[in-house]
Amino acid sequence: MKKQCASRLPLQSGFTLIEVLIAILVLAFGLLGYAFLQTMTLRFAQSANQRTQATNLANAMFDQMRANRNGNVYKHYLNGGSDYNGAVSANDCQPTLGGNITEQFKNNWRCRLGKAMGDDAKAKVSEPEYGVINIQITWGDERWNSDANAQNLTFKFETRL
């Protein structure tokens, strides 16, 4: 019969407290990085959405001007109100029946500009040379900076009628 040595310690199994704390710390940094990545993704997606809205608004104005280019009716969008402001009241955005279709479109477009890009959005429609139309849309993207004036985005669109 063999004698067993009473002084031998049993073999250790499992994790020590230090190993568990380090694993939790690594996991916490990973989750924190993931949360930061999610917020940045949301910001980028919202900015891309506003850029898409600006493109859609410019294309709608171009299409309306192309549809009315005979007899230079499209010049009505340039004269007497080629500067569009996104800050409009709710009463201005109510649909109306009858009246001047061109004025109705301009009013509707102004309302869409304010709803899509915010009250501080502005648009300028110009004709630098005959048949070439420029639309410049400017809006504040305060998701990147709390001072809205510090981050104004301006998109310029151009087409030939």
# chains A, B, ... in the order shown; residues from 1 in each chain; ligands from 1

call {"tool": "residues_around", "arguments": {"residues": "Phe157 of chain A", "least_positions_apart": "2", "cutoff": "10 Å", "atoms": "only C-alpha atoms", "output": "list in words"}}
result
Ala54, Thr55, Ala58, Asn59, Phe62, Val125, Ile133, Asn134, Ile135, Gln136, Ile137, Thr154, Phe155 and Thr159 of chain A

call {"tool": "residues_around", "arguments": {"residues": "segment 72-77 of chain A", "least_positions_apart": "3", "cutoff": "9 Å", "atoms": "only C-alpha atoms", "output": "list in words"}}
result
Met61, Gln64, Met65, Arg66, Ala67, Asn68, Arg69, Gly80, Gly81, Ser82, Thr102, Glu103, Lys106, Val125, Ser126 and Glu127 of chain A

call {"tool": "select_by_dssp", "arguments": {"residues": "segment 39-161 of chain A", "states": "strand (DSSP E)", "output": "PyMOL selection string"}}
result
chain A and resi 83-85+122-129+132-140+152-160

call {"tool": "atom_distance", "arguments": {"atom1": "atom CA of Gly118 of chain A", "atom2": "atom CA of Gln94 of chain A"}}
result
17.8 Å

call {"tool": "closest_residue", "arguments": {"among": "A:Leu161, A:Glu129, A:Leu113, A:Gly86", "to": "Asn56 of chain A", "atoms": "only C-alpha atoms"}}
result
A:Leu113

call {"tool": "residues_around", "arguments": {"residues": "Trp139 of chain A", "least_positions_apart": "4", "cutoff": "7 Å", "atoms": "only C-alpha atoms", "output": "PyMOL selection string"}}
result
chain A and resi 117+120-122+152-154

call {"tool": "write_last_selection", "arguments": {"atoms": "C-alpha atoms", "output": "PDB file, in the first residue's frame"}}
result
ATOM      1  CA  MET A 117     -34.072  70.035 -44.341  1.00  0.00           C
ATOM      2  CA  ASP A 120     -32.928  77.072 -41.352  1.00  0.00           C
ATOM      3  CA  ALA A 121     -32.722  75.601 -44.878  1.00  0.00           C
ATOM      4  CA  LYS A 122     -32.404  77.954 -47.810  1.00  0.00           C
ATOM      5  CA  ASN A 152     -23.708  74.431 -42.908  1.00  0.00           C
ATOM      6  CA  LEU A 153     -23.789  72.123 -45.884  1.00  0.00           C
ATOM      7  CA  THR A 154     -24.328  73.563 -49.337  1.00  0.00           C
TER       8      THR A 154
END

call {"tool": "atom_distance", "arguments": {"atom1": "atom CA of Phe36 of chain A", "atom2": "atom CA of Leu21 of chain A"}}
result
22.6 Å

call {"tool": "select_by_dssp", "arguments": {"residues": "segment 3-110 of chain A", "states": "helix (DSSP H, G or I)", "output": "JSON, numbers by chain"}}
result
{"A": [17, 18, 19, 20, 21, 22, 23, 24, 25, 26, 27, 28, 29, 30, 31, 32, 33, 34, 35, 36, 37, 38, 39, 40, 41, 42, 43, 44, 45, 46, 47, 48, 49, 50, 51, 52, 53, 54, 55, 56, 57, 58, 59, 60, 61, 62, 63, 64, 65, 66, 67, 70, 71, 72, 73, 74, 75, 76, 77, 90, 91, 92, 93, 101, 102, 103, 104, 105, 106, 107, 108, 109, 110]}

call {"tool": "residues_around", "arguments": {"residues": "Thr96 of chain A", "least_positions_apart": "4", "cutoff": "12 Å", "atoms": "only C-alpha atoms", "output": "short mmCIF file (atom, residue, chain, number, x, y, z; two decimals) with N, CA and C atoms, in the first residue's frame"}}
result
data_model
loop_
_atom_site.label_atom_id
_atom_site.label_comp_id
_atom_site.auth_asym_id
_atom_site.auth_seq_id
_atom_site.Cartn_x
_atom_site.Cartn_y
_atom_site.Cartn_z
N ASN A 91 -49.84 77.06 -41.83
CA ASN A 91 -50.92 77.54 -42.69
C ASN A 91 -50.47 77.67 -44.14
N ASP A 92 -49.18 78.00 -44.34
CA ASP A 92 -48.66 78.14 -45.70
C ASP A 92 -48.58 76.80 -46.42
N ASN A 100 -53.06 79.79 -59.37
CA ASN A 100 -51.89 79.64 -60.22
C ASN A 100 -51.13 78.36 -59.84
N ILE A 101 -51.01 77.45 -60.79
CA ILE A 101 -50.35 76.17 -60.52
C ILE A 101 -48.87 76.37 -60.21
N GLU A 103 -47.44 78.97 -58.76
CA GLU A 103 -47.32 79.47 -57.39
C GLU A 103 -47.58 78.34 -56.38
N GLN A 104 -48.53 77.49 -56.69
CA GLN A 104 -48.81 76.36 -55.79
C GLN A 104 -47.60 75.44 -55.70
N PHE A 105 -46.97 75.18 -56.85
CA PHE A 105 -45.77 74.32 -56.82
C PHE A 105 -44.66 74.97 -56.01
N ASN A 107 -44.89 77.08 -53.56
CA ASN A 107 -45.25 77.02 -52.15
C ASN A 107 -45.07 75.60 -51.60
N ASN A 108 -45.51 74.62 -52.38
CA ASN A 108 -45.35 73.23 -51.96
C ASN A 108 -43.88 72.87 -51.85
#

call {"tool": "atom_distance", "arguments": {"atom1": "atom CA of Val88 of chain A", "atom2": "atom CA of Arg110 of chain A"}}
result
7.6 Å
